[in-house]
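Trainee: Just so it is clear, I am handing over model20.cif, which has mmCIF, C-alpha atoms.
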```cif
data_final
loop_
_atom_site.label_atom_id
_atom_site.label_comp_id
_atom_site.auth_asym_id
_atom_site.auth_seq_id
_atom_site.Cartn_x
_atom_site.Cartn_y
_atom_site.Cartn_z
CA MET J 1 0.00 0.00 0.00
CA ASN J 2 1.44 3.37 -1.00
CA GLN J 3 1.21 6.64 0.97
CA TYR J 4 -1.81 7.95 -0.93
CA GLU J 5 -3.79 4.71 -0.50
CA PHE J 6 -3.04 4.76 3.21
CA ASP J 7 -4.25 8.38 3.44
CA ILE J 8 -7.56 7.33 1.88
CA LEU J 9 -7.83 4.39 4.29
CA LEU J 10 -7.18 6.70 7.23
CA GLU J 11 -9.91 9.09 6.08
CA LYS J 12 -12.34 6.15 5.94
CA TYR J 13 -11.28 5.23 9.48
CA LEU J 14 -11.92 8.78 10.69
CA ALA J 15 -15.38 8.67 9.11
CA GLY J 16 -16.15 5.31 10.71
CA ASN J 17 -16.52 3.57 7.33
CA CYS J 18 -13.76 0.96 7.63
CA THR J 19 -14.39 -2.74 7.38
CA GLU J 20 -13.04 -5.07 10.07
CA GLN J 21 -10.18 -6.07 7.78
CA GLU J 22 -9.25 -2.41 7.13
CA GLU J 23 -9.32 -1.61 10.85
CA GLU J 24 -7.00 -4.55 11.49
CA MET J 25 -4.61 -3.17 8.84
CA ILE J 26 -4.52 0.21 10.60
CA GLN J 27 -4.04 -1.41 14.01
CA GLU J 28 -1.19 -3.59 12.68
CA TRP J 29 0.49 -0.56 11.10
CA TYR J 30 0.11 1.40 14.31
CA GLU J 31 1.67 -1.32 16.44
CA LYS J 32 4.67 -1.53 14.11
CA GLU J 33 5.14 2.25 14.13
CA GLN J 34 5.05 2.33 17.94
CA GLU J 35 8.29 0.38 17.96
CA LYS J 36 10.07 3.10 16.01
CA THR J 37 11.68 6.14 17.58
CA LEU J 38 11.76 9.67 16.26
CA THR J 39 14.67 12.01 16.88
CA MET J 40 13.36 15.57 17.18
CA SER J 41 14.14 18.59 19.33
CA ASN J 42 11.62 19.68 21.96
CA ASP J 43 10.78 22.82 20.01
CA GLN J 44 10.09 20.79 16.88
CA LYS J 45 7.88 18.40 18.82
CA VAL J 46 5.80 21.22 20.32
CA ALA J 47 5.34 23.00 16.99
CA LEU J 48 4.47 19.77 15.21
CA GLU J 49 2.06 18.70 17.95
CA ASN J 50 0.16 21.98 17.64
CA ARG J 51 -0.15 21.71 13.87
CA ILE J 52 -1.27 18.07 13.98
CA TRP J 53 -3.80 18.68 16.74
CA SER J 54 -5.31 21.44 14.60
CA VAL J 55 -5.73 18.94 11.74
CA ILE J 56 -7.32 16.37 14.05
CA GLN J 57 -9.83 18.92 15.35
CA GLN J 58 -10.80 19.91 11.79
CA ARG J 59 -11.27 16.30 10.69
CA THR J 60 -13.08 14.98 13.75
CA PHE J 61 -14.57 17.30 16.36
CA ASN J 62 -15.76 19.92 13.88
CA THR J 63 -17.51 17.52 11.50
CA LYS J 64 -20.65 15.47 11.77
CA LYS J 65 -18.80 12.39 10.61
CA GLY J 66 -16.36 12.84 13.48
CA LEU J 67 -19.19 12.56 16.01
CA LYS J 68 -19.63 8.91 15.01
CA LEU J 69 -16.29 8.04 16.67
CA ARG J 70 -17.41 6.65 19.99
CA THR J 71 -14.43 6.15 22.29
CA TRP J 72 -11.49 8.17 23.57
CA GLN J 73 -9.24 5.25 22.67
CA LYS J 74 -10.16 5.70 19.02
CA TYR J 75 -9.29 9.43 19.17
CA SER J 76 -5.99 8.54 20.83
CA LEU J 77 -5.16 6.00 18.13
CA VAL J 78 -6.11 8.43 15.34
CA ALA J 79 -3.98 11.18 16.88
CA CYS J 80 -0.99 8.86 17.05
CA LEU J 81 -1.60 7.67 13.51
CA LEU J 82 -1.75 11.20 12.19
CA LEU J 83 1.35 12.14 14.15
CA LEU J 84 3.37 9.25 12.76
CA LEU J 85 1.94 9.78 9.29
CA MET J 86 2.51 13.52 9.03
CA ILE J 87 5.94 13.92 10.61
CA PRO J 88 7.83 13.00 7.40
CA VAL J 89 5.38 15.05 5.34
CA PHE J 90 5.89 18.29 7.29
CA LEU J 91 9.66 17.86 7.41
CA VAL J 92 9.95 17.16 3.69
CA LYS J 93 7.70 20.06 2.72
CA LYS J 94 10.21 22.53 4.17
CA GLN J 95 12.93 21.16 1.88
CA THR J 96 11.46 19.73 -1.34
CA PRO J 97 8.05 21.02 -2.44
CA THR J 98 6.06 18.62 -4.66
CA LYS J 99 3.19 19.09 -7.07
CA THR J 100 0.07 17.25 -5.91
CA THR J 101 -3.70 17.42 -6.28
CA THR J 102 -6.31 15.79 -4.06
CA ALA J 103 -8.76 15.11 -6.91
CA SER J 104 -6.31 13.04 -8.96
CA PRO J 105 -3.00 12.16 -7.25
CA LYS J 106 -0.23 13.73 -9.30
CA THR J 107 3.47 13.14 -8.92
CA VAL J 108 6.46 14.54 -10.76
CA SER J 109 9.28 12.14 -11.59
CA ASN J 110 12.13 11.86 -14.06
CA GLU J 111 9.54 10.54 -16.52
CA GLY J 112 7.39 13.67 -16.15
CA ILE J 113 3.98 14.06 -14.54
CA ILE J 114 2.09 10.94 -13.49
CA VAL J 115 -1.63 11.15 -12.67
CA LYS J 116 -3.51 8.22 -11.12
CA ASN J 117 -7.28 8.12 -10.72
CA THR J 118 -7.98 5.94 -7.68
CA THR J 119 -11.58 7.15 -7.38
CA GLN J 120 -14.67 5.62 -8.96
CA LYS J 121 -15.43 8.66 -11.13
CA PRO J 122 -13.72 10.05 -14.26
CA ARG J 123 -11.20 12.83 -13.56
CA GLU J 124 -10.52 15.72 -15.90
CA ILE J 125 -6.92 16.59 -16.77
CA ARG J 126 -6.05 19.74 -18.73
CA LEU J 127 -2.75 19.75 -20.57
CA GLU J 128 -0.65 22.80 -21.35
CA ASP J 129 -1.65 22.70 -25.04
CA GLY J 130 -5.37 22.98 -24.18
CA SER J 131 -6.13 19.28 -24.69
CA ILE J 132 -8.50 17.67 -22.17
CA ILE J 133 -8.31 14.10 -20.88
CA GLN J 134 -11.14 12.36 -19.02
CA LEU J 135 -9.25 9.70 -17.05
CA SER J 136 -11.45 6.75 -16.06
CA ALA J 137 -11.41 4.97 -12.70
CA ASN J 138 -8.41 2.77 -11.88
CA SER J 139 -6.40 4.34 -14.70
CA SER J 140 -3.20 6.37 -14.90
CA ILE J 141 -1.49 8.60 -17.43
CA SER J 142 1.95 10.16 -17.67
CA TYR J 143 3.21 13.07 -19.78
CA PRO J 144 6.06 15.59 -19.75
CA GLU J 145 5.71 18.91 -17.93
CA HIS J 146 6.34 20.59 -21.28
CA PHE J 147 5.81 19.03 -24.71
CA GLY J 148 8.67 19.02 -27.21
CA ASN J 149 8.80 20.94 -30.48
CA LYS J 150 7.85 17.98 -32.69
CA GLN J 151 5.46 15.71 -30.74
CA ARG J 152 3.06 15.58 -27.80
CA ASN J 153 3.59 12.17 -26.19
CA VAL J 154 1.45 10.72 -23.39
CA TYR J 155 1.40 7.21 -21.88
CA LEU J 156 -1.85 5.54 -20.79
CA LYS J 157 -2.61 2.59 -18.52
CA GLY J 158 -6.34 1.90 -18.32
CA GLU J 159 -9.03 3.94 -20.05
CA ALA J 160 -9.40 7.58 -21.04
CA PHE J 161 -11.29 9.86 -23.42
CA PHE J 162 -9.14 12.42 -25.23
CA ASP J 163 -10.28 15.76 -26.67
CA VAL J 164 -7.11 16.92 -28.39
CA GLN J 165 -6.39 20.53 -29.32
CA LYS J 166 -5.50 20.73 -32.99
CA ASP J 167 -1.88 21.45 -33.89
CA PRO J 168 -0.83 20.26 -37.40
CA THR J 169 2.85 20.91 -36.60
CA LYS J 170 2.91 18.75 -33.47
CA PRO J 171 1.11 15.35 -33.55
CA PHE J 172 -0.52 14.13 -30.34
CA ILE J 173 0.61 10.55 -29.66
CA VAL J 174 -0.86 8.17 -27.09
CA HIS J 175 1.16 5.08 -26.15
CA ALA J 176 -1.02 2.31 -24.68
CA GLY J 177 0.74 -1.01 -24.31
CA ASN J 178 1.96 -2.07 -27.75
CA LEU J 179 -0.53 0.13 -29.58
CA THR J 180 0.16 3.72 -30.62
CA THR J 181 -2.52 6.25 -31.53
CA GLU J 182 -1.51 9.39 -33.41
CA VAL J 183 -3.72 12.41 -34.13
CA LEU J 184 -3.44 16.08 -35.02
CA GLY J 185 -6.64 17.24 -33.34
CA THR J 186 -9.69 15.08 -32.63
CA SER J 187 -11.63 13.25 -29.90
CA PHE J 188 -11.36 9.53 -29.23
CA ARG J 189 -11.37 6.88 -26.49
CA ILE J 190 -8.74 4.28 -25.61
CA LYS J 191 -9.19 1.21 -23.39
CA SER J 192 -5.89 -0.41 -22.43
CA TYR J 193 -6.07 -2.31 -19.14
CA GLU J 194 -3.02 -4.41 -18.30
CA GLU J 195 -5.08 -7.49 -17.36
CA ALA J 196 -7.20 -7.36 -20.56
CA GLN J 197 -6.32 -9.37 -23.67
CA THR J 198 -7.16 -6.51 -26.05
CA ILE J 199 -6.67 -2.78 -26.51
CA GLU J 200 -9.51 -0.78 -28.06
CA VAL J 201 -9.47 2.61 -29.79
CA SER J 202 -12.72 4.29 -30.86
CA VAL J 203 -13.15 7.63 -32.63
CA LYS J 204 -15.78 10.28 -31.98
CA THR J 205 -14.54 13.11 -34.22
CA GLY J 206 -11.71 13.64 -36.71
CA ARG J 207 -9.20 11.09 -38.02
CA VAL J 208 -6.95 8.81 -35.98
CA SER J 209 -3.95 6.74 -37.03
CA VAL J 210 -3.53 3.51 -35.06
CA PHE J 211 -0.56 1.17 -35.41
CA GLU J 212 1.37 -1.48 -33.52
CA ASP J 213 4.41 -0.12 -31.70
CA ASN J 214 6.99 -2.70 -32.77
CA ASN J 215 9.96 -0.46 -33.60
CA GLU J 216 9.60 -1.20 -37.32
CA GLN J 217 9.83 1.36 -40.09
CA THR J 218 6.72 3.43 -40.80
CA LYS J 219 6.27 1.82 -44.23
CA THR J 220 6.17 -1.74 -42.85
CA ARG J 221 4.33 -1.54 -39.50
CA LYS J 222 0.71 -2.69 -39.25
CA GLY J 223 -1.96 -0.05 -38.74
CA MET J 224 -4.99 1.76 -40.11
CA ILE J 225 -6.79 5.09 -40.25
CA LEU J 226 -10.00 5.49 -38.25
CA THR J 227 -12.78 8.01 -38.84
CA PRO J 228 -15.82 8.87 -36.65
CA ASN J 229 -17.86 5.91 -35.33
CA GLN J 230 -15.07 3.48 -36.20
CA ARG J 231 -12.89 1.50 -33.80
CA VAL J 232 -10.13 -1.10 -33.75
CA ILE J 233 -9.56 -3.99 -31.37
CA PHE J 234 -5.91 -4.98 -30.98
CA ASN J 235 -5.14 -8.48 -29.66
CA LYS J 236 -2.02 -8.29 -27.49
CA TYR J 237 -1.10 -11.94 -28.08
CA THR J 238 -1.87 -12.50 -31.76
CA LYS J 239 -0.92 -8.88 -32.67
CA GLU J 240 -4.02 -8.74 -34.87
CA ILE J 241 -5.74 -5.40 -35.48
CA ILE J 242 -9.47 -5.90 -36.07
CA PRO J 243 -11.49 -2.98 -37.51
CA ALA J 244 -15.10 -2.53 -36.37
CA ILE J 245 -17.87 0.00 -35.74
CA VAL J 246 -18.40 1.53 -32.31
CA ILE J 247 -21.13 -0.13 -30.24
CA GLN J 248 -23.50 2.82 -30.49
CA PRO J 249 -22.69 5.21 -33.37
CA SER J 250 -23.65 8.85 -32.88
CA PRO J 251 -24.43 11.49 -35.54
CA ILE J 252 -21.34 13.28 -36.79
CA ILE J 253 -23.32 16.25 -38.08
CA GLN J 254 -25.97 18.21 -36.23
CA VAL J 255 -29.50 16.94 -36.84
CA ALA J 256 -31.50 19.92 -38.08
CA ASN J 257 -34.98 19.06 -36.77
CA ALA J 258 -37.28 16.28 -35.59
CA GLU J 259 -38.38 15.52 -39.15
CA THR J 260 -34.88 14.43 -40.21
CA PHE J 261 -35.65 10.73 -39.67
CA ILE J 262 -39.30 10.75 -40.74
CA PHE J 263 -39.83 9.02 -44.09
CA GLU J 264 -42.96 8.47 -46.16
CA GLU J 265 -42.84 6.24 -49.24
CA THR J 266 -39.15 7.13 -49.57
CA PRO J 267 -36.87 4.97 -51.76
CA VAL J 268 -34.50 2.92 -49.60
CA GLU J 269 -31.55 4.31 -51.56
CA GLN J 270 -32.40 7.82 -50.31
CA VAL J 271 -32.96 6.63 -46.74
CA LEU J 272 -29.56 4.92 -46.61
CA SER J 273 -27.91 7.90 -48.27
CA LYS J 274 -29.12 10.12 -45.42
CA LEU J 275 -27.92 7.63 -42.80
CA ARG J 276 -24.49 7.45 -44.46
CA ARG J 277 -24.14 11.22 -44.35
CA ILE J 278 -25.34 11.62 -40.75
CA TYR J 279 -23.28 8.76 -39.26
CA GLY J 280 -20.27 8.90 -41.59
CA LEU J 281 -20.35 5.14 -42.17
CA GLU J 282 -20.17 3.16 -45.38
CA MET J 283 -23.38 1.23 -46.18
CA VAL J 284 -23.31 -1.21 -49.07
CA VAL J 285 -26.45 -2.62 -50.71
CA GLU J 286 -25.51 -6.01 -52.15
CA ASN J 287 -28.87 -6.58 -53.85
CA GLN J 288 -29.42 -3.52 -56.04
CA ALA J 289 -33.10 -4.37 -56.42
CA LEU J 290 -33.62 -3.23 -52.81
CA ASN J 291 -32.82 0.34 -53.80
CA HIS J 292 -36.18 0.53 -55.57
CA CYS J 293 -38.16 -0.48 -52.46
CA VAL J 294 -39.75 2.28 -50.41
CA PHE J 295 -39.79 2.86 -46.65
CA THR J 296 -42.31 4.65 -44.44
CA GLY J 297 -41.56 5.21 -40.78
CA ASP J 298 -40.32 7.48 -37.97
CA LEU J 299 -36.74 6.67 -36.99
CA ASN J 300 -36.20 9.62 -34.64
CA ASP J 301 -34.60 9.02 -31.22
CA LEU J 302 -33.55 5.48 -32.14
CA PRO J 303 -30.00 4.06 -32.22
CA LEU J 304 -28.59 3.26 -35.67
CA ASP J 305 -28.86 -0.51 -35.21
CA THR J 306 -32.60 -0.23 -34.45
CA GLN J 307 -33.11 2.12 -37.40
CA LEU J 308 -31.52 -0.43 -39.73
CA ASP J 309 -33.57 -3.25 -38.19
CA LEU J 310 -36.82 -1.42 -38.94
CA ILE J 311 -35.76 -0.58 -42.50
CA CYS J 312 -34.72 -4.16 -43.22
CA LYS J 313 -37.89 -5.69 -41.77
CA SER J 314 -40.04 -3.44 -43.92
CA ILE J 315 -38.35 -4.62 -47.14
CA ASN J 316 -37.68 -8.23 -46.10
CA SER J 317 -33.89 -7.98 -45.91
CA THR J 318 -31.08 -8.20 -43.34
CA HIS J 319 -27.97 -6.19 -42.40
CA GLU J 320 -24.61 -7.02 -40.84
CA GLN J 321 -21.32 -5.35 -39.97
CA ARG J 322 -18.15 -6.27 -41.84
CA GLY J 323 -15.20 -4.39 -40.51
CA THR J 324 -16.08 -0.70 -40.54
CA SER J 325 -18.87 -1.10 -43.13
CA ILE J 326 -22.51 -2.12 -42.98
CA PHE J 327 -23.85 -4.51 -45.64
#
```
Could the structure of this file be written out as structure tokens, please?
Mentor:
Amino acid sequence: MNQYEFDILLEKYLAGNCTEQEEEMIQEWYEKEQEKTLTMSNDQKVALENRIWSVIQQRTFNTKKGLKLRTWQKYSLVACLLLLLMIPVFLVKKQTPTKTTTASPKTVSNEGIIVKNTTQKPREIRLEDGSIIQLSANSSISYPEHFGNKQRNVYLKGEAFFDVQKDPTKPFIVHAGNLTTEVLGTSFRIKSYEEAQTIEVSVKTGRVSVFEDNNEQTKTRKGMILTPNQRVIFNKYTKEIIPAIVIQPSPIIQVANAETFIFEETPVEQVLSKLRRIYGLEMVVENQALNHCVFTGDLNDLPLDTQLDLICKSINSTHEQRGTSIF
């Protein structure tokens, strides 16, 4: 357990929300720390005691949650825990300031800035170039304090949604496992969990280049270009890149009004033409005779797959996805 995780556990203990196992962990830690000795001057001890007692009062006596703590022994244990926990923090702060944030733990290392989201909600990260990253739960990302003159490199573990500020002179590159995603300015999502067998990249807007990071020359490495509502699934073991359509495609152009998806005796060719334009996906009619059939119906507020189901049922046909196309 690292320092940040222990801080979170201690806050749960203060709020009375620990499980029996978590309380045993704190008690075990406390008993070990009791055996240690701290070498400090009397003046340092007095000043530190005053500062720590102020923190304890703020976190317990002055909060409703603190009133749930029932016994003086618990307050005594918490005070000792905080004392042992904060002594190195206060001493280090005087010498080496660090960059941190309580919302998403951030550390600065030789590799740059590392942000970990240990909460259960997405966390927003704003980069110096104006790009925004929504970092999902149990995910982390690292990037330099300042991007170079030629590229903007970031490294992802887990899942994140990227809204990248456009800069044609400086590509934005996301490294996720053995898969690299390169863009100039667009929005897309990457899922790259270490325990998963696959890595997935899906595009919302713009164009994205995805390729396997295998140190080969640009002309020989495997990859493809993705456009809105397209995705790829990369198998870490077979190294296969499988193109597909996102699970729920969304319109890539603004729908003008509620009548956009209302059709009355409209040739299927025209209906599909409108769907192609709105979703940006290729739709191929294998039986050309179907283009002369007509469709009547209201397809508003329905996902694309349901819209296609209704069209196909009305003309006695079927549809399926093949790669990034619909047949």
Trainee: Any idea what the distance is between CA of Thr306 in chain J and CA of Gly206 in chain J?
Mentor: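 Separation between CA of Thr306 in chain J and CA of Gly206 in chain J: 25.2 Å.
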Trainee: For Gly323 in chain J, which of J:Val285, J:Ile133, J:Ile242, J:Ile278 is the closest residue, counting all atoms listed in the file?
Mentor: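 Of J:Val285, J:Ile133, J:Ile242, J:Ile278, the one nearest Gly323 in chain J is J:Ile242, counting all atoms listed in the file.
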Trainee: One number please: CA of Ala176 in chain J to CA of Asp213 in chain J, in Å, one decimal.
Mentor: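 Atom-to-atom, CA of Ala176 in chain J to CA of Asp213 in chain J, that is 9.2 Å.
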Trainee: Starting from the PyMOL selection byres ((chain J and resi 194-205) around 9), expand the selection into actual residues of this file and give them as a ChimeraX atom specification.
Mentor: /J:157-158,176-179,181,185-193,206-208,210,226-237,245-246,249-250,252
Trainee: Generate the output file for the selected residues, C-alpha atoms, as a compact mmCIF listing (two decimals), keeping the file's coordinate frame.
Mentor:
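Dumped everything to part_25.txt:
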```
# COMPACT_ATOMS: atom_id res chain seq x y z
CA LYS J 157 -2.61 2.59 -18.52
CA GLY J 158 -6.34 1.90 -18.32
CA ALA J 176 -1.02 2.31 -24.68
CA GLY J 177 0.74 -1.01 -24.31
CA ASN J 178 1.96 -2.07 -27.75
CA LEU J 179 -0.53 0.13 -29.58
CA THR J 181 -2.52 6.25 -31.53
CA GLY J 185 -6.64 17.24 -33.34
CA THR J 186 -9.69 15.08 -32.63
CA SER J 187 -11.63 13.25 -29.90
CA PHE J 188 -11.36 9.53 -29.23
CA ARG J 189 -11.37 6.88 -26.49
CA ILE J 190 -8.74 4.28 -25.61
CA LYS J 191 -9.19 1.21 -23.39
CA SER J 192 -5.89 -0.41 -22.43
CA TYR J 193 -6.07 -2.31 -19.14
CA GLY J 206 -11.71 13.64 -36.71
CA ARG J 207 -9.20 11.09 -38.02
CA VAL J 208 -6.95 8.81 -35.98
CA VAL J 210 -3.53 3.51 -35.06
CA LEU J 226 -10.00 5.49 -38.25
CA THR J 227 -12.78 8.01 -38.84
CA PRO J 228 -15.82 8.87 -36.65
CA ASN J 229 -17.86 5.91 -35.33
CA GLN J 230 -15.07 3.48 -36.20
CA ARG J 231 -12.89 1.50 -33.80
CA VAL J 232 -10.13 -1.10 -33.75
CA ILE J 233 -9.56 -3.99 -31.37
CA PHE J 234 -5.91 -4.98 -30.98
CA ASN J 235 -5.14 -8.48 -29.66
CA LYS J 236 -2.02 -8.29 -27.49
CA TYR J 237 -1.10 -11.94 -28.08
CA ILE J 245 -17.87 0.00 -35.74
CA VAL J 246 -18.40 1.53 -32.31
CA PRO J 249 -22.69 5.21 -33.37
CA SER J 250 -23.65 8.85 -32.88
CA ILE J 252 -21.34 13.28 -36.79
```
Trainee: Around all the atoms of range 121-129 of chain J listed in the file, with 8 Å of room on each side, what axis-aligned box do you get, giving centre and edge lengths in Å to one decimal, as lines of an AutoDock Vina configuration file?
Mentor:
```
center_x = -8.0
center_y = 15.7
center_z = -18.1
size_x = 30.8
size_y = 30.1
size_z = 29.9
```
Trainee: Any chance you could resolve the PyMOL selection byres ((chain J and resi 124) around 6) against this file and give the residues as a PDB file with C-alpha atoms, keeping the file's coordinate frame?
Mentor:
```pdb
ATOM      1  CA  ARG J 123     -11.200  12.830 -13.560  1.00  0.00           C
ATOM      2  CA  ILE J 125      -6.920  16.590 -16.770  1.00  0.00           C
ATOM      3  CA  ILE J 133      -8.310  14.100 -20.880  1.00  0.00           C
ATOM      4  CA  GLN J 134     -11.140  12.360 -19.020  1.00  0.00           C
TER       5      GLN J 134
END
```
Trainee: Quick one: distance from CA of Met283 in chain J to CA of Glu320 in chain J in Å, one decimal?
Mentor: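 Atom-to-atom, CA of Met283 in chain J and CA of Glu320 in chain J are spaced 9.9 Å apart.
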Trainee: Supply range 116-125 of chain J as a PDB file, in the frame of the given file, with all heavy atoms built in where the input has gaps.
Mentor:
```pdb
ATOM      1  N   LYS J 116      -2.774   9.458 -11.345  1.00  0.00           N
ATOM      2  CA  LYS J 116      -3.510   8.220 -11.120  1.00  0.00           C
ATOM      3  C   LYS J 116      -4.902   8.558 -10.606  1.00  0.00           C
ATOM      4  O   LYS J 116      -5.046   9.379  -9.707  1.00  0.00           O
ATOM      5  CB  LYS J 116      -2.781   7.342 -10.089  1.00  0.00           C
ATOM      6  CG  LYS J 116      -1.399   6.893 -10.535  1.00  0.00           C
ATOM      7  CD  LYS J 116      -0.743   6.028  -9.466  1.00  0.00           C
ATOM      8  CE  LYS J 116       0.639   5.564  -9.918  1.00  0.00           C
ATOM      9  NZ  LYS J 116       1.298   4.732  -8.868  1.00  0.00           N
ATOM     10  N   ASN J 117      -5.902   7.931 -11.186  1.00  0.00           N
ATOM     11  CA  ASN J 117      -7.280   8.120 -10.720  1.00  0.00           C
ATOM     12  C   ASN J 117      -7.682   6.903  -9.893  1.00  0.00           C
ATOM     13  O   ASN J 117      -8.030   5.855 -10.432  1.00  0.00           O
ATOM     14  CB  ASN J 117      -8.237   8.297 -11.900  1.00  0.00           C
ATOM     15  CG  ASN J 117      -9.651   8.599 -11.433  1.00  0.00           C
ATOM     16  OD1 ASN J 117      -9.913   8.742 -10.240  1.00  0.00           O
ATOM     17  ND2 ASN J 117     -10.572   8.712 -12.372  1.00  0.00           N
ATOM     18  N   THR J 118      -7.626   7.040  -8.567  1.00  0.00           N
ATOM     19  CA  THR J 118      -7.980   5.940  -7.680  1.00  0.00           C
ATOM     20  C   THR J 118      -9.426   6.049  -7.192  1.00  0.00           C
ATOM     21  O   THR J 118      -9.845   5.288  -6.325  1.00  0.00           O
ATOM     22  CB  THR J 118      -7.040   5.909  -6.463  1.00  0.00           C
ATOM     23  OG1 THR J 118      -7.108   7.172  -5.782  1.00  0.00           O
ATOM     24  CG2 THR J 118      -5.605   5.667  -6.908  1.00  0.00           C
ATOM     25  N   THR J 119     -10.181   7.006  -7.746  1.00  0.00           N
ATOM     26  CA  THR J 119     -11.580   7.150  -7.380  1.00  0.00           C
ATOM     27  C   THR J 119     -12.440   6.294  -8.306  1.00  0.00           C
ATOM     28  O   THR J 119     -11.930   5.615  -9.191  1.00  0.00           O
ATOM     29  CB  THR J 119     -12.028   8.612  -7.486  1.00  0.00           C
ATOM     30  OG1 THR J 119     -12.097   8.996  -8.876  1.00  0.00           O
ATOM     31  CG2 THR J 119     -11.050   9.544  -6.785  1.00  0.00           C
ATOM     32  N   GLN J 120     -13.745   6.369  -8.114  1.00  0.00           N
ATOM     33  CA  GLN J 120     -14.670   5.620  -8.960  1.00  0.00           C
ATOM     34  C   GLN J 120     -15.328   6.496 -10.013  1.00  0.00           C
ATOM     35  O   GLN J 120     -16.241   6.062 -10.710  1.00  0.00           O
ATOM     36  CB  GLN J 120     -15.751   4.960  -8.085  1.00  0.00           C
ATOM     37  CG  GLN J 120     -15.207   3.933  -7.107  1.00  0.00           C
ATOM     38  CD  GLN J 120     -14.425   2.834  -7.809  1.00  0.00           C
ATOM     39  OE1 GLN J 120     -14.901   2.234  -8.784  1.00  0.00           O
ATOM     40  NE2 GLN J 120     -13.217   2.568  -7.333  1.00  0.00           N
ATOM     41  N   LYS J 121     -14.872   7.748 -10.152  1.00  0.00           N
ATOM     42  CA  LYS J 121     -15.430   8.660 -11.130  1.00  0.00           C
ATOM     43  C   LYS J 121     -14.348   9.153 -12.085  1.00  0.00           C
ATOM     44  O   LYS J 121     -13.182   9.232 -11.700  1.00  0.00           O
ATOM     45  CB  LYS J 121     -16.084   9.863 -10.433  1.00  0.00           C
ATOM     46  CG  LYS J 121     -17.250   9.505  -9.531  1.00  0.00           C
ATOM     47  CD  LYS J 121     -17.816  10.761  -8.887  1.00  0.00           C
ATOM     48  CE  LYS J 121     -18.998  10.430  -7.978  1.00  0.00           C
ATOM     49  NZ  LYS J 121     -19.557  11.642  -7.339  1.00  0.00           N
ATOM     50  N   PRO J 122     -14.711   9.494 -13.329  1.00  0.00           N
ATOM     51  CA  PRO J 122     -13.720  10.050 -14.260  1.00  0.00           C
ATOM     52  C   PRO J 122     -13.143  11.356 -13.712  1.00  0.00           C
ATOM     53  O   PRO J 122     -13.849  12.127 -13.044  1.00  0.00           O
ATOM     54  CB  PRO J 122     -14.521  10.299 -15.542  1.00  0.00           C
ATOM     55  CG  PRO J 122     -15.703   9.392 -15.430  1.00  0.00           C
ATOM     56  CD  PRO J 122     -16.036   9.327 -13.967  1.00  0.00           C
ATOM     57  N   ARG J 123     -11.867  11.613 -13.989  1.00  0.00           N
ATOM     58  CA  ARG J 123     -11.200  12.830 -13.560  1.00  0.00           C
ATOM     59  C   ARG J 123     -10.696  13.595 -14.772  1.00  0.00           C
ATOM     60  O   ARG J 123     -10.126  13.019 -15.680  1.00  0.00           O
ATOM     61  CB  ARG J 123     -10.026  12.507 -12.632  1.00  0.00           C
ATOM     62  CG  ARG J 123     -10.446  11.910 -11.294  1.00  0.00           C
ATOM     63  CD  ARG J 123     -11.298  12.876 -10.500  1.00  0.00           C
ATOM     64  NE  ARG J 123     -11.596  12.360  -9.184  1.00  0.00           N
ATOM     65  CZ  ARG J 123     -12.439  12.926  -8.338  1.00  0.00           C
ATOM     66  NH1 ARG J 123     -13.071  14.020  -8.688  1.00  0.00           N
ATOM     67  NH2 ARG J 123     -12.662  12.399  -7.145  1.00  0.00           N
ATOM     68  N   GLU J 124     -10.922  14.891 -14.760  1.00  0.00           N
ATOM     69  CA  GLU J 124     -10.520  15.720 -15.900  1.00  0.00           C
ATOM     70  C   GLU J 124      -9.101  16.232 -15.706  1.00  0.00           C
ATOM     71  O   GLU J 124      -8.739  16.742 -14.653  1.00  0.00           O
ATOM     72  CB  GLU J 124     -11.486  16.896 -16.052  1.00  0.00           C
ATOM     73  CG  GLU J 124     -11.161  17.783 -17.251  1.00  0.00           C
ATOM     74  CD  GLU J 124     -12.159  18.910 -17.434  1.00  0.00           C
ATOM     75  OE1 GLU J 124     -13.313  18.604 -17.835  1.00  0.00           O
ATOM     76  OE2 GLU J 124     -11.809  20.067 -17.165  1.00  0.00           O
ATOM     77  N   ILE J 125      -8.301  16.101 -16.770  1.00  0.00           N
ATOM     78  CA  ILE J 125      -6.920  16.590 -16.770  1.00  0.00           C
ATOM     79  C   ILE J 125      -6.760  17.545 -17.939  1.00  0.00           C
ATOM     80  O   ILE J 125      -7.074  17.183 -19.082  1.00  0.00           O
ATOM     81  CB  ILE J 125      -5.920  15.427 -16.917  1.00  0.00           C
ATOM     82  CG1 ILE J 125      -6.139  14.397 -15.807  1.00  0.00           C
ATOM     83  CG2 ILE J 125      -4.488  15.944 -16.911  1.00  0.00           C
ATOM     84  CD1 ILE J 125      -5.398  13.107 -16.053  1.00  0.00           C
TER      85      ILE J 125
END
```
